[in-house]
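**Student:** Structure file model.cif (mmCIF, C-alpha atoms and all ligand atoms) is given on the next line.
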data_upload
#
loop_
_atom_site.label_atom_id
_atom_site.label_comp_id
_atom_site.auth_asym_id
_atom_site.auth_seq_id
_atom_site.Cartn_x
_atom_site.Cartn_y
_atom_site.Cartn_z
CA GLY X 432 -124.12 19.66 8.98
CA TRP X 433 -122.74 20.06 12.48
CA HIS X 434 -125.93 21.59 13.89
CA GLN X 435 -127.49 18.15 13.43
CA TYR X 436 -125.47 17.20 16.50
CA LEU X 437 -127.61 19.68 18.43
CA SER X 438 -130.83 17.81 17.79
CA ILE X 439 -129.20 14.47 18.59
CA ALA X 440 -127.77 15.87 21.80
CA HIS X 441 -131.08 17.38 22.86
CA ILE X 442 -132.75 13.97 22.79
CA PHE X 443 -130.50 12.90 25.63
CA GLN X 444 -131.31 15.95 27.81
CA ARG X 445 -128.28 15.35 29.97
CA LYS X 446 -128.45 16.46 33.55
CA LYS X 447 -125.64 18.94 33.44
CA HIS X 448 -125.04 22.58 32.96
CA ILE X 449 -125.96 23.26 29.34
CA MET X 450 -124.39 26.36 27.90
CA GLN X 451 -124.78 28.47 24.86
CA LEU X 452 -121.70 29.44 22.90
CA GLY X 453 -120.92 31.55 19.87
CA MET X 454 -118.14 29.98 17.79
CA ILE X 455 -116.42 32.37 15.40
CA GLY X 456 -114.30 30.57 12.81
CA LEU X 457 -115.54 27.21 11.53
CA GLY X 458 -112.39 26.04 9.75
CA ARG X 459 -110.54 22.78 10.42
CA MET X 460 -110.16 23.46 14.14
CA GLY X 461 -113.20 25.66 14.93
CA GLY X 462 -115.63 23.55 12.88
CA ASN X 463 -114.61 20.31 14.61
CA MET X 464 -114.61 21.93 18.03
CA ALA X 465 -118.13 23.28 17.43
CA LYS X 466 -119.25 19.73 16.62
CA ARG X 467 -117.65 18.29 19.76
CA ILE X 468 -119.20 21.00 21.96
CA ALA X 469 -122.62 20.49 20.35
CA ALA X 470 -122.36 16.71 20.74
CA ALA X 471 -121.88 17.24 24.49
CA GLY X 472 -125.31 18.91 24.57
CA HIS X 473 -124.40 22.59 24.45
CA GLU X 474 -125.98 24.99 22.04
CA VAL X 475 -123.56 26.38 19.48
CA VAL X 476 -124.24 29.36 17.29
CA GLY X 477 -121.61 29.16 14.57
CA PHE X 478 -120.31 31.99 12.43
CA ASP X 479 -117.64 32.11 9.75
CA ARG X 480 -116.88 34.85 7.21
CA SER X 481 -117.05 32.24 4.49
CA PRO X 482 -120.64 31.41 3.45
CA GLU X 483 -119.37 28.06 2.17
CA LEU X 484 -118.87 26.80 5.71
CA ASP X 485 -121.71 25.37 7.72
CA ARG X 486 -122.62 28.49 9.68
CA THR X 487 -125.83 29.11 11.63
CA VAL X 488 -125.75 32.89 11.31
CA SER X 489 -124.32 35.10 8.59
CA SER X 490 -122.89 37.96 10.65
CA LEU X 491 -121.39 38.70 14.04
CA GLU X 492 -124.37 40.99 14.75
CA GLU X 493 -126.74 38.07 14.20
CA MET X 494 -124.60 35.85 16.38
CA VAL X 495 -124.60 38.33 19.23
CA ALA X 496 -128.39 38.78 18.88
CA ALA X 497 -128.87 35.00 19.02
CA LEU X 498 -126.94 34.59 22.28
CA LYS X 499 -128.47 35.11 25.70
CA THR X 500 -126.60 37.29 28.20
CA PRO X 501 -124.08 36.87 29.68
CA ARG X 502 -122.75 35.77 26.30
CA LEU X 503 -119.80 33.54 25.65
CA ALA X 504 -117.96 33.98 22.34
CA TRP X 505 -115.13 31.66 21.30
CA VAL X 506 -112.80 33.12 18.67
CA MET X 507 -111.09 30.50 16.49
CA VAL X 508 -109.54 32.47 13.63
CA PRO X 509 -105.90 32.88 12.51
CA ALA X 510 -103.62 34.78 14.89
CA GLY X 511 -102.69 38.41 14.26
CA GLU X 512 -104.90 40.73 12.21
CA PRO X 513 -107.88 38.34 11.79
CA THR X 514 -108.06 37.78 15.56
CA ASP X 515 -107.51 41.49 16.31
CA SER X 516 -110.31 42.62 14.00
CA THR X 517 -112.72 39.94 15.25
CA ILE X 518 -112.13 40.92 18.87
CA ASN X 519 -112.44 44.63 18.00
CA GLU X 520 -115.77 43.99 16.27
CA LEU X 521 -117.03 41.89 19.16
CA ALA X 522 -115.99 44.61 21.61
CA GLU X 523 -118.45 46.94 19.86
CA LEU X 524 -121.29 44.41 19.92
CA LEU X 525 -121.00 42.70 23.32
CA GLU X 526 -122.16 44.04 26.69
CA PRO X 527 -120.63 44.20 30.16
CA GLY X 528 -120.53 40.72 31.71
CA ASP X 529 -120.05 38.93 28.36
CA MET X 530 -116.91 36.90 27.77
CA ILE X 531 -114.53 36.31 24.87
CA ILE X 532 -112.21 33.29 24.72
CA ASP X 533 -109.46 33.41 22.12
CA GLY X 534 -108.78 29.78 21.23
CA GLY X 535 -106.52 30.47 18.24
CA ASN X 536 -102.74 30.41 18.25
CA SER X 537 -102.35 34.08 19.31
CA ARG X 538 -99.17 35.46 20.75
CA TYR X 539 -99.45 35.87 24.54
CA THR X 540 -98.61 39.57 24.31
CA ASP X 541 -101.71 40.02 22.10
CA ASP X 542 -103.81 38.46 24.87
CA VAL X 543 -102.56 40.93 27.43
CA ARG X 544 -103.43 43.78 25.03
CA HIS X 545 -106.89 42.34 24.24
CA ALA X 546 -107.73 41.89 27.93
CA ALA X 547 -106.65 45.47 28.68
CA GLU X 548 -108.77 46.83 25.83
CA LEU X 549 -111.84 44.84 26.87
CA GLU X 550 -111.61 45.49 30.60
CA PRO X 551 -112.99 49.08 30.56
CA LYS X 552 -116.02 47.74 28.68
CA GLY X 553 -116.62 45.11 31.36
CA ILE X 554 -116.02 42.29 28.85
CA HIS X 555 -114.19 39.30 30.31
CA PHE X 556 -111.34 37.71 28.36
CA MET X 557 -109.48 34.41 28.46
CA ASP X 558 -106.90 32.85 26.17
CA CYS X 559 -106.89 29.16 25.43
CA GLY X 560 -104.14 27.27 23.64
CA VAL X 561 -105.72 24.32 21.87
CA SER X 562 -103.82 21.29 20.69
CA GLY X 563 -105.11 18.18 19.03
CA GLY X 564 -105.24 18.66 15.28
CA VAL X 565 -107.74 16.78 13.16
CA TRP X 566 -108.13 13.93 15.68
CA GLY X 567 -109.35 16.29 18.40
CA ILE X 568 -112.99 15.95 17.40
CA ASN X 569 -113.01 12.33 18.53
CA ARG X 570 -110.15 12.17 21.01
CA GLY X 571 -110.55 15.59 22.58
CA TYR X 572 -108.27 18.61 22.68
CA ALA X 573 -105.59 19.53 25.21
CA LEU X 574 -106.50 22.98 26.54
CA MET X 575 -104.09 25.46 28.12
CA VAL X 576 -106.09 28.34 29.55
CA GLY X 577 -105.02 31.79 30.72
CA GLY X 578 -107.40 33.91 32.77
CA ASN X 579 -108.84 34.34 36.25
CA LYS X 580 -110.32 31.48 38.27
CA ASP X 581 -113.91 32.80 38.21
CA ASP X 582 -113.97 33.15 34.43
CA PHE X 583 -112.40 29.70 34.13
CA GLU X 584 -115.17 28.20 36.27
CA THR X 585 -117.85 30.02 34.24
CA ALA X 586 -116.61 28.50 30.99
CA ARG X 587 -115.67 25.12 32.51
CA PRO X 588 -118.57 23.14 30.94
CA ILE X 589 -117.30 24.13 27.49
CA PHE X 590 -113.71 23.18 28.37
CA GLU X 591 -114.96 19.87 29.77
CA ALA X 592 -116.77 19.17 26.50
CA LEU X 593 -113.61 19.80 24.48
CA LYS X 594 -110.98 18.02 26.58
CA PRO X 595 -110.22 14.31 26.26
CA GLU X 596 -111.84 11.95 28.77
CA GLY X 597 -109.82 11.25 31.90
CA ASP X 598 -107.83 13.44 34.22
CA SER X 599 -105.57 15.20 31.75
CA GLY X 600 -106.24 17.71 29.02
CA LEU X 601 -107.26 20.90 30.82
CA VAL X 602 -105.22 23.35 32.82
CA LEU X 603 -105.61 26.92 34.01
CA ALA X 604 -101.97 27.63 33.26
CA GLY X 605 -101.93 31.17 34.65
CA PRO X 606 -103.52 34.58 34.26
CA VAL X 607 -104.35 36.08 30.84
CA GLY X 608 -101.53 35.20 28.42
CA GLY X 609 -100.47 32.13 30.41
CA GLY X 610 -102.52 29.73 28.29
CA HIS X 611 -101.09 30.85 24.99
CA PHE X 612 -97.63 31.05 26.54
CA ALA X 613 -97.85 27.37 27.52
CA LYS X 614 -99.18 26.48 24.05
CA MET X 615 -96.41 28.51 22.40
CA VAL X 616 -93.75 26.57 24.30
CA HIS X 617 -95.62 23.33 23.54
CA ASN X 618 -95.29 24.19 19.86
CA GLY X 619 -91.62 25.09 20.26
CA ILE X 620 -91.03 21.68 21.81
CA GLU X 621 -93.06 20.16 18.96
CA TYR X 622 -90.62 21.81 16.51
CA ALA X 623 -87.62 20.39 18.43
CA ASP X 624 -89.26 16.95 18.57
CA MET X 625 -89.70 16.99 14.80
CA GLN X 626 -86.15 18.24 14.24
CA VAL X 627 -84.54 15.47 16.31
CA ILE X 628 -86.67 12.95 14.42
CA GLY X 629 -85.44 14.51 11.16
CA GLU X 630 -81.81 14.27 12.24
CA ALA X 631 -82.19 10.62 13.25
CA TYR X 632 -83.87 9.88 9.92
CA ASP X 633 -81.09 11.57 7.95
CA ILE X 634 -78.33 9.60 9.69
CA LEU X 635 -80.21 6.33 9.19
CA ARG X 636 -80.85 7.18 5.55
CA ARG X 637 -77.62 8.70 4.32
CA GLY X 638 -75.25 7.53 7.03
CA LEU X 639 -76.40 3.92 7.22
CA GLY X 640 -77.89 3.64 3.72
CA MET X 641 -81.29 2.38 4.93
CA ASP X 642 -84.45 2.87 2.86
CA ALA X 643 -87.69 4.50 4.00
CA GLU X 644 -89.37 1.19 4.77
CA GLU X 645 -86.49 -0.03 6.97
CA ILE X 646 -86.32 3.29 8.80
CA GLY X 647 -90.09 3.12 9.33
CA ASP X 648 -89.50 -0.25 11.04
CA VAL X 649 -86.82 1.31 13.26
CA PHE X 650 -89.19 4.10 14.36
CA ALA X 651 -92.00 1.59 14.97
CA GLU X 652 -89.59 -0.35 17.19
CA TRP X 653 -88.47 2.80 19.01
CA ASN X 654 -92.12 3.63 19.68
CA LYS X 655 -92.30 0.58 21.96
CA GLY X 656 -89.75 1.98 24.42
CA ASP X 657 -88.81 5.28 26.09
CA LEU X 658 -89.59 7.20 22.91
CA ASP X 659 -93.23 6.04 22.81
CA SER X 660 -95.05 9.14 21.52
CA TYR X 661 -97.48 10.41 18.94
CA LEU X 662 -94.80 12.00 16.72
CA ILE X 663 -92.60 8.86 16.64
CA GLU X 664 -95.70 6.76 15.90
CA ILE X 665 -96.77 8.88 12.92
CA THR X 666 -93.17 9.07 11.66
CA ALA X 667 -93.21 5.27 11.37
CA GLU X 668 -96.55 5.45 9.58
CA ILE X 669 -95.38 8.15 7.17
CA LEU X 670 -92.19 6.26 6.34
CA HIS X 671 -94.23 3.16 5.51
CA HIS X 672 -96.64 5.20 3.39
CA LYS X 673 -96.37 4.83 -0.40
CA ASP X 674 -97.32 7.58 -2.84
CA ALA X 675 -100.38 6.31 -4.73
CA GLU X 676 -99.35 7.82 -8.06
CA THR X 677 -95.73 6.67 -8.27
CA GLY X 678 -95.67 3.75 -5.84
CA LYS X 679 -92.55 5.31 -4.27
CA PRO X 680 -92.18 5.97 -0.55
CA PHE X 681 -94.11 9.17 0.15
CA VAL X 682 -91.09 10.73 1.87
CA ASP X 683 -89.18 10.49 -1.44
CA VAL X 684 -91.75 12.39 -3.47
CA VAL X 685 -92.90 15.05 -0.99
CA VAL X 686 -91.48 18.57 -1.53
CA ASP X 687 -88.55 19.04 0.82
CA HIS X 688 -89.45 22.43 2.28
CA ALA X 689 -91.31 22.95 5.54
CA GLY X 690 -93.28 26.13 6.22
CA MET X 691 -94.28 27.38 9.63
CA LYS X 692 -97.06 29.42 11.13
CA GLY X 693 -94.96 31.26 13.69
CA THR X 694 -95.31 29.77 17.16
CA GLY X 695 -91.86 28.13 17.07
CA THR X 696 -90.33 31.45 16.07
CA TRP X 697 -92.14 33.23 18.92
CA THR X 698 -90.87 30.64 21.40
CA VAL X 699 -87.33 31.51 20.36
CA GLN X 700 -87.89 35.29 20.16
CA THR X 701 -89.39 35.23 23.65
CA ALA X 702 -86.53 33.09 24.93
CA LEU X 703 -84.04 35.58 23.49
CA SER X 704 -85.69 38.46 25.29
CA LEU X 705 -85.79 36.45 28.53
CA ALA X 706 -82.19 35.28 27.92
CA VAL X 707 -83.19 31.62 28.32
CA PRO X 708 -81.25 29.21 26.11
CA VAL X 709 -83.70 27.07 24.14
CA THR X 710 -81.02 25.87 21.76
CA GLY X 711 -82.82 22.73 20.51
CA ILE X 712 -85.96 24.68 19.65
CA ALA X 713 -83.93 27.48 18.04
CA GLU X 714 -82.04 25.02 15.84
CA ALA X 715 -85.36 23.48 14.82
CA VAL X 716 -86.71 26.87 13.73
CA PHE X 717 -83.51 27.67 11.82
CA ALA X 718 -83.57 24.24 10.15
CA ARG X 719 -87.09 24.92 8.90
CA GLY X 720 -85.88 28.25 7.57
CA LEU X 721 -83.04 26.52 5.73
CA SER X 722 -85.41 23.88 4.38
CA SER X 723 -87.45 26.58 2.67
CA GLU X 724 -84.36 28.14 1.07
CA ALA X 725 -84.61 25.80 -1.90
CA ASP X 726 -82.61 28.00 -4.28
CA LEU X 727 -79.69 28.27 -1.87
CA ARG X 728 -79.65 24.51 -1.31
CA GLU X 729 -79.89 23.77 -5.03
CA GLU X 730 -77.03 26.15 -5.81
CA ALA X 731 -74.91 24.60 -3.03
CA GLN X 732 -75.45 21.21 -4.62
CA LYS X 733 -74.43 22.57 -8.05
CA GLN X 734 -71.29 24.06 -6.56
CA GLY X 735 -70.33 20.52 -5.54
CA PHE X 736 -68.22 21.29 -2.49
CA ALA X 737 -65.55 18.72 -1.74
CA GLY X 738 -66.01 16.73 1.47
CA PRO X 739 -67.42 13.51 2.92
CA ASN X 740 -70.63 12.11 1.41
CA GLY X 741 -72.26 11.14 4.69
CA GLU X 742 -71.78 7.37 4.40
CA LEU X 743 -70.54 5.78 7.60
CA ASN X 744 -69.58 2.44 5.97
CA LEU X 745 -70.38 0.24 8.96
CA ASN X 746 -70.63 -3.56 9.01
CA SER X 747 -73.94 -5.06 10.15
CA GLU X 748 -72.80 -5.50 13.75
CA GLU X 749 -71.58 -1.89 13.97
CA LYS X 750 -74.71 -0.70 12.20
CA LYS X 751 -76.94 -2.34 14.81
CA ALA X 752 -75.00 -0.69 17.63
CA PHE X 753 -75.07 2.67 15.88
CA ILE X 754 -78.86 2.55 15.44
CA GLU X 755 -79.09 2.22 19.23
CA ASP X 756 -76.68 5.16 19.58
CA ILE X 757 -78.98 7.25 17.38
CA ARG X 758 -81.97 6.29 19.52
CA GLN X 759 -80.08 7.40 22.63
CA ALA X 760 -78.99 10.66 20.97
CA LEU X 761 -82.58 11.38 19.99
CA TYR X 762 -83.86 10.63 23.50
CA ALA X 763 -81.22 12.73 25.26
CA SER X 764 -81.72 15.68 22.86
CA LYS X 765 -85.46 15.44 23.39
CA ILE X 766 -85.07 15.54 27.17
CA VAL X 767 -82.89 18.66 26.80
CA ALA X 768 -85.51 20.33 24.57
CA TYR X 769 -88.19 19.71 27.21
CA ALA X 770 -85.90 20.90 30.01
CA GLN X 771 -85.19 24.08 28.05
CA GLY X 772 -88.88 24.63 27.23
CA PHE X 773 -89.86 24.27 30.89
CA ASN X 774 -87.07 26.68 31.83
CA GLU X 775 -88.59 29.22 29.48
CA ILE X 776 -91.96 28.88 31.21
CA THR X 777 -90.38 29.17 34.67
CA THR X 778 -88.39 32.25 33.67
CA ALA X 779 -91.43 33.94 32.10
CA ALA X 780 -93.48 33.14 35.20
CA LYS X 781 -90.88 34.87 37.36
CA GLU X 782 -90.56 37.81 34.98
CA TYR X 783 -94.32 38.39 34.68
CA GLY X 784 -95.29 37.34 38.20
CA TRP X 785 -97.37 34.40 36.96
CA ASP X 786 -98.19 31.49 39.19
CA ILE X 787 -97.75 28.57 36.78
CA ASP X 788 -98.15 24.98 37.88
CA LEU X 789 -95.53 23.16 35.77
CA ALA X 790 -96.67 19.74 36.93
CA ALA X 791 -100.18 20.56 35.74
CA VAL X 792 -98.86 21.77 32.38
CA ALA X 793 -96.81 18.57 31.99
CA ARG X 794 -99.87 16.52 32.99
CA ILE X 795 -102.02 18.02 30.30
CA TRP X 796 -99.38 17.45 27.65
CA ARG X 797 -99.67 13.72 28.36
CA GLY X 798 -102.96 13.41 26.52
CA GLY X 799 -104.69 14.96 23.54
CA CYS X 800 -101.87 17.17 22.31
CA ILE X 801 -99.35 16.73 19.51
CA ILE X 802 -96.31 16.25 21.80
CA ARG X 803 -98.07 13.61 23.89
CA ALA X 804 -95.52 11.07 24.96
CA LYS X 805 -95.20 8.32 27.50
CA PHE X 806 -92.28 10.03 29.21
CA LEU X 807 -94.48 13.02 30.09
CA ASN X 808 -95.74 10.90 33.00
CA ARG X 809 -92.17 10.96 34.31
CA ILE X 810 -91.91 14.69 33.61
CA SER X 811 -95.07 15.53 35.55
CA GLU X 812 -93.89 13.30 38.43
CA ALA X 813 -90.55 15.12 38.45
CA PHE X 814 -92.32 18.49 38.78
CA GLU X 815 -94.86 17.21 41.30
CA SER X 816 -92.11 15.92 43.59
CA GLY X 817 -90.09 19.11 43.20
CA GLU X 818 -87.12 17.18 41.75
CA ALA X 819 -87.25 19.23 38.56
CA ASN X 820 -87.66 22.63 40.25
CA VAL X 821 -84.34 23.93 38.93
CA SER X 822 -84.09 21.81 35.79
CA LEU X 823 -85.69 18.68 34.48
CA LEU X 824 -82.15 17.37 33.93
CA PHE X 825 -81.62 17.22 37.71
CA ALA X 826 -84.58 14.90 38.35
CA PRO X 827 -83.03 11.46 39.06
CA TYR X 828 -85.03 9.67 36.35
CA PHE X 829 -83.82 12.06 33.65
CA LYS X 830 -80.30 12.43 35.05
CA ASN X 831 -80.04 8.68 34.80
CA ALA X 832 -81.47 8.63 31.26
CA ILE X 833 -78.95 11.25 30.12
CA GLU X 834 -76.07 9.44 31.80
CA THR X 835 -77.10 6.21 30.07
CA ALA X 836 -77.32 7.99 26.72
CA GLU X 837 -74.25 10.15 27.03
CA LYS X 838 -71.62 8.00 25.33
CA SER X 839 -73.93 7.15 22.42
CA TRP X 840 -74.97 10.78 22.07
CA ARG X 841 -71.35 11.93 21.82
CA ASN X 842 -70.55 9.17 19.34
CA VAL X 843 -73.44 10.15 17.05
CA VAL X 844 -72.59 13.87 17.11
CA ALA X 845 -68.89 13.14 16.50
CA GLN X 846 -69.45 10.61 13.69
CA ALA X 847 -72.02 12.86 12.06
CA ALA X 848 -69.62 15.81 12.11
CA ILE X 849 -66.74 13.76 10.70
CA ASN X 850 -68.87 12.32 7.91
CA GLY X 851 -70.75 15.44 6.87
CA LEU X 852 -74.20 14.82 8.34
CA PRO X 853 -75.88 17.84 9.97
CA THR X 854 -77.10 17.41 13.58
CA PRO X 855 -77.87 20.94 14.77
CA ALA X 856 -80.34 19.88 17.50
CA PHE X 857 -78.37 16.82 18.68
CA ALA X 858 -75.14 18.82 18.81
CA SER X 859 -76.50 22.01 20.40
CA SER X 860 -78.36 19.98 23.05
CA LEU X 861 -75.17 18.13 23.84
CA SER X 862 -73.27 21.43 24.11
CA TYR X 863 -75.94 22.76 26.46
CA PHE X 864 -75.60 19.66 28.62
CA ASP X 865 -71.81 19.92 28.63
C1 LIG G 901 -101.25 21.37 17.82
C2 LIG G 901 -100.22 21.83 16.85
C3 LIG G 901 -100.77 22.77 15.81
C4 LIG G 901 -99.73 23.00 14.72
C5 LIG G 901 -98.91 24.20 15.08
C6 LIG G 901 -97.58 24.29 14.40
O1 LIG G 901 -100.86 21.38 18.97
O2 LIG G 901 -102.36 20.98 17.44
O3 LIG G 901 -99.19 22.48 17.54
O4 LIG G 901 -101.19 23.91 16.46
O5 LIG G 901 -98.99 21.87 14.51
O6 LIG G 901 -99.71 25.31 14.78
O7 LIG G 901 -97.74 24.67 13.09
P1 LIG G 901 -96.49 24.99 12.19
O8 LIG G 901 -95.59 23.82 12.33
O9 LIG G 901 -97.07 25.13 10.82
O10 LIG G 901 -95.92 26.27 12.69
#
Written as structure tokens, that's how I'd like the structure from this file.

**Tutor:**
Amino acid sequence: GWHQYLSIAHIFQRKKHIMQLGMIGLGRMGGNMAKRIAAAGHEVVGFDRSPELDRTVSSLEEMVAALKTPRLAWVMVPAGEPTDSTINELAELLEPGDMIIDGGNSRYTDDVRHAAELEPKGIHFMDCGVSGGVWGINRGYALMVGGNKDDFETARPIFEALKPEGDSGLVLAGPVGGGHFAKMVHNGIEYADMQVIGEAYDILRRGLGMDAEEIGDVFAEWNKGDLDSYLIEITAEILHHKDAETGKPFVDVVVDHAGMKGTGTWTVQTALSLAVPVTGIAEAVFARGLSSEADLREEAQKQGFAGPNGELNLNSEEKKAFIEDIRQALYASKIVAYAQGFNEITTAAKEYGWDIDLAAVARIWRGGCIIRAKFLNRISEAFESGEANVSLLFAPYFKNAIETAEKSWRNVVAQAAINGLPTPAFASSLSYFD
């Protein structure tokens, strides 16, 4: 059980500010986070509605009774109704001076509403976007916090316990809502990242006739250069992975529909209302929608429309050059997706009067989170120096990267269009650039 970590941690009696925290929601994320916080020496009182999980108390009332004032309650339940009802219940049980942190994937507008509802009761509120998935327990989580500075300092020991070691991984992104806003855009960029990887894969597979294993090798190679990132690394791993039952490449047996929990969609909805073009992210969300329309796709296949079959028919020399073109197209489209995502944050900050430190946001995305990538060092430098103030694309490093990629990028989009291979993110990013 995770409370065993408490006894281990107590043996060490570290000389630091030990806190007590109520963790509500002990699922995949909350359960692991509780363990990491406890391992750092803090006392965690864990509650989950499900008695099957390793909870210390069996109700919110008991949890509140077990915590000393001023209490700190971390809510880690699904966004929407479950988070609303948990916060409503806590609002009835907590006292003035207590604090709630919503660490789920809530929409930033919900945070603003929660803070406004809690304020008359004297209950403090912060939102915290958490990234890190199942590896977070060991490697730490990237935390994007929204709230005021005093509340941030009060809860700092808990944030410090959760974040990865080193200088990145924690940022007070802005006032209430700012943390989840940054996490929302992070997820939107994550969608775009995955879409451009999908487009590259499809061209390599159908256009160049390569098998999963060979494409896995290409991604592993790409991960040694500018594209070095977590998502490229695991793409190589997945493409090399064989299904145990059939012995076939896993990618050939996995169901070809992708679901989504909503943050990518919110990124686009918010961008629409702010009139910020986030075309790469939008295409990624639409592509996921299309992927789940299995019946439509099956019927389209049955209809057997006339047209090219996707094969590019290149000789080995041409093939080698085209693989490099695809790498460049992926890189350029990815830079555009980041530039667009950062524009959305800047525009929201202006609209809502938030003071958001973009360099600090870029810095925390370097480590711990799903979109961590080597080139985020360059992105944070571009914001720190002010070169990216108007757009990331104007920072010399990225301007140069795009200029280097441009010809290849155009070639890939053009060849794909001629031969019947879809490249919604590559093509829309190129149109945005043009
Ligand atoms: C993270 C991830 C994680 C998850 C998203 C997206 O940073 O740890 O972003 O939060 O991948 O919730 O989920 P969907 O792709 O299912 O919408």

**Student:** Which residues of chain X come within 10 Å of ligand LIG 901 (chain G), and for each one, what is the closest pair of atoms and their distance in Å to one decimal, counting all atoms listed in the file, sorted by chain and residue number, as a Markdown table?

**Tutor:**
| residue | atom | partner | partner_atom | distance |
| --- | --- | --- | --- | --- |
| X:Met460 | CA | G:LIG901 | O2 | 8.8 |
| X:Gly535 | CA | G:LIG901 | O4 | 8.6 |
| X:Asn536 | CA | G:LIG901 | O6 | 6.9 |
| X:Gly560 | CA | G:LIG901 | O1 | 8.2 |
| X:Val561 | CA | G:LIG901 | O1 | 6.4 |
| X:Ser562 | CA | G:LIG901 | O1 | 3.4 |
| X:Gly563 | CA | G:LIG901 | O2 | 4.2 |
| X:Gly564 | CA | G:LIG901 | O2 | 4.3 |
| X:Val565 | CA | G:LIG901 | O2 | 8.1 |
| X:Trp566 | CA | G:LIG901 | O2 | 9.3 |
| X:Gly567 | CA | G:LIG901 | O2 | 8.5 |
| X:Tyr572 | CA | G:LIG901 | O2 | 8.2 |
| X:Ala573 | CA | G:LIG901 | O1 | 8.0 |
| X:Leu574 | CA | G:LIG901 | O1 | 9.6 |
| X:Lys614 | CA | G:LIG901 | O1 | 7.4 |
| X:Met615 | CA | G:LIG901 | O3 | 8.2 |
| X:Val616 | CA | G:LIG901 | O3 | 9.6 |
| X:His617 | CA | G:LIG901 | O3 | 7.0 |
| X:Asn618 | CA | G:LIG901 | O3 | 4.8 |
| X:Gly619 | CA | G:LIG901 | C6 | 8.4 |
| X:Ile620 | CA | G:LIG901 | O3 | 9.2 |
| X:Glu621 | CA | G:LIG901 | O3 | 6.7 |
| X:Tyr622 | CA | G:LIG901 | O8 | 6.8 |
| X:Met625 | CA | G:LIG901 | O8 | 9.4 |
| X:Ala689 | CA | G:LIG901 | O8 | 8.1 |
| X:Gly690 | CA | G:LIG901 | O9 | 6.0 |
| X:Met691 | CA | G:LIG901 | O10 | 3.6 |
| X:Lys692 | CA | G:LIG901 | O10 | 3.7 |
| X:Gly693 | CA | G:LIG901 | O10 | 5.2 |
| X:Thr694 | CA | G:LIG901 | O10 | 5.7 |
| X:Gly695 | CA | G:LIG901 | O10 | 6.3 |
| X:Thr696 | CA | G:LIG901 | O10 | 8.3 |
| X:Val716 | CA | G:LIG901 | O10 | 9.3 |
| X:Arg719 | CA | G:LIG901 | O8 | 9.2 |
| X:Trp796 | CA | G:LIG901 | O1 | 9.6 |
| X:Gly799 | CA | G:LIG901 | O1 | 8.8 |
| X:Cys800 | CA | G:LIG901 | O1 | 5.5 |
| X:Ile801 | CA | G:LIG901 | O1 | 4.9 |
| X:Ile802 | CA | G:LIG901 | O1 | 7.4 |
| X:Arg803 | CA | G:LIG901 | O1 | 9.6 |

**Student:** Would you compute an axis-aligned box for range 702-714 of chain X, covering every atom listed for it in the file with 6 Å of margin on each side, and report centre and edge lengths in Å to one decimal as JSON?

**Tutor:**
{"center_x": -83.8, "center_y": 30.6, "center_z": 22.2, "size_x": 17.5, "size_y": 27.7, "size_z": 24.7}

**Student:** Give the answer as one residue: which of X:Ala731, X:Ala706, X:Ile776, X:Val488 has the shortest atom-to-atom distance to Leu789 in chain X, using all atoms listed in the file?

**Tutor:**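 Closest to Leu789 in chain X, using all atoms listed in the file: X:Ile776.
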
**Student:** One decimal, in Å: what's the spacing between CA of Glu714 in chain X and CA of Tyr769 in chain X?

**Tutor:**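 Straight-line distance from CA of Glu714 in chain X to CA of Tyr769 in chain X works out to 14.0 Å.
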
**Student:** From the options X:Leu703, X:Ile531, X:Leu639, X:Ala651, which residue's atoms come nearest to Asn746 in chain X, counting all atoms listed in the file?

**Tutor:**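 Of X:Leu703, X:Ile531, X:Leu639, X:Ala651, the one nearest Asn746 in chain X, counting all atoms listed in the file, is X:Leu639.
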
**Student:** Looking at X:Pro527, X:Gly798, X:Pro708, X:Gly461, which one is nearest to Tyr661 in chain X, with distances taken over all atoms listed in the file?

**Tutor:**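 With all atoms listed in the file as the atom set, the closest residue is X:Gly798.
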
**Student:** Would you mind listing what lies within 8 Å of His688 in chain X as JSON, numbers by chain, with only C-alpha atoms counted and same-chain residues fewer than 5 positions away left out?

**Tutor:** {"X": [719, 722, 723, 724, 725]}

**Student:** Counting only C-alpha atoms, find residues at most 6 Å from (-86.0, 8.8, 8.6) (file frame) and give them as a PyMOL selection string.

**Tutor:** chain X and resi 632-633+646

**Student:** For Ala770 in chain X, which residue out of X:Ser822, X:Gln846, X:Asn569, X:Ser816 is the nearest one, using only C-alpha atoms?

**Tutor:**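 Among the listed residues, the smallest separation from Ala770 in chain X belongs to X:Ser822.
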
**Student:** Using all atoms listed in the file, can you tell me which of X:Asp582, X:Asp598, X:Glu775, X:Glu742 comes closest to Arg794 in chain X?

**Tutor:**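 Going through X:Asp582, X:Asp598, X:Glu775, X:Glu742 one by one, the smallest distance to Arg794 in chain X is for X:Asp598.
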
**Student:** Restricting the calculation to all atoms listed in the file, which member of X:Leu727, X:Ala496, X:Leu852, X:Leu521 is positioned closest to Gly629 in chain X?

**Tutor:**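 Closest candidate: X:Leu852.
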
**Student:** So how far away is CA of Leu635 in chain X from CA of Leu745 in chain X, in Å?

**Tutor:**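 Distance reported for this atom pair: 11.6 Å.
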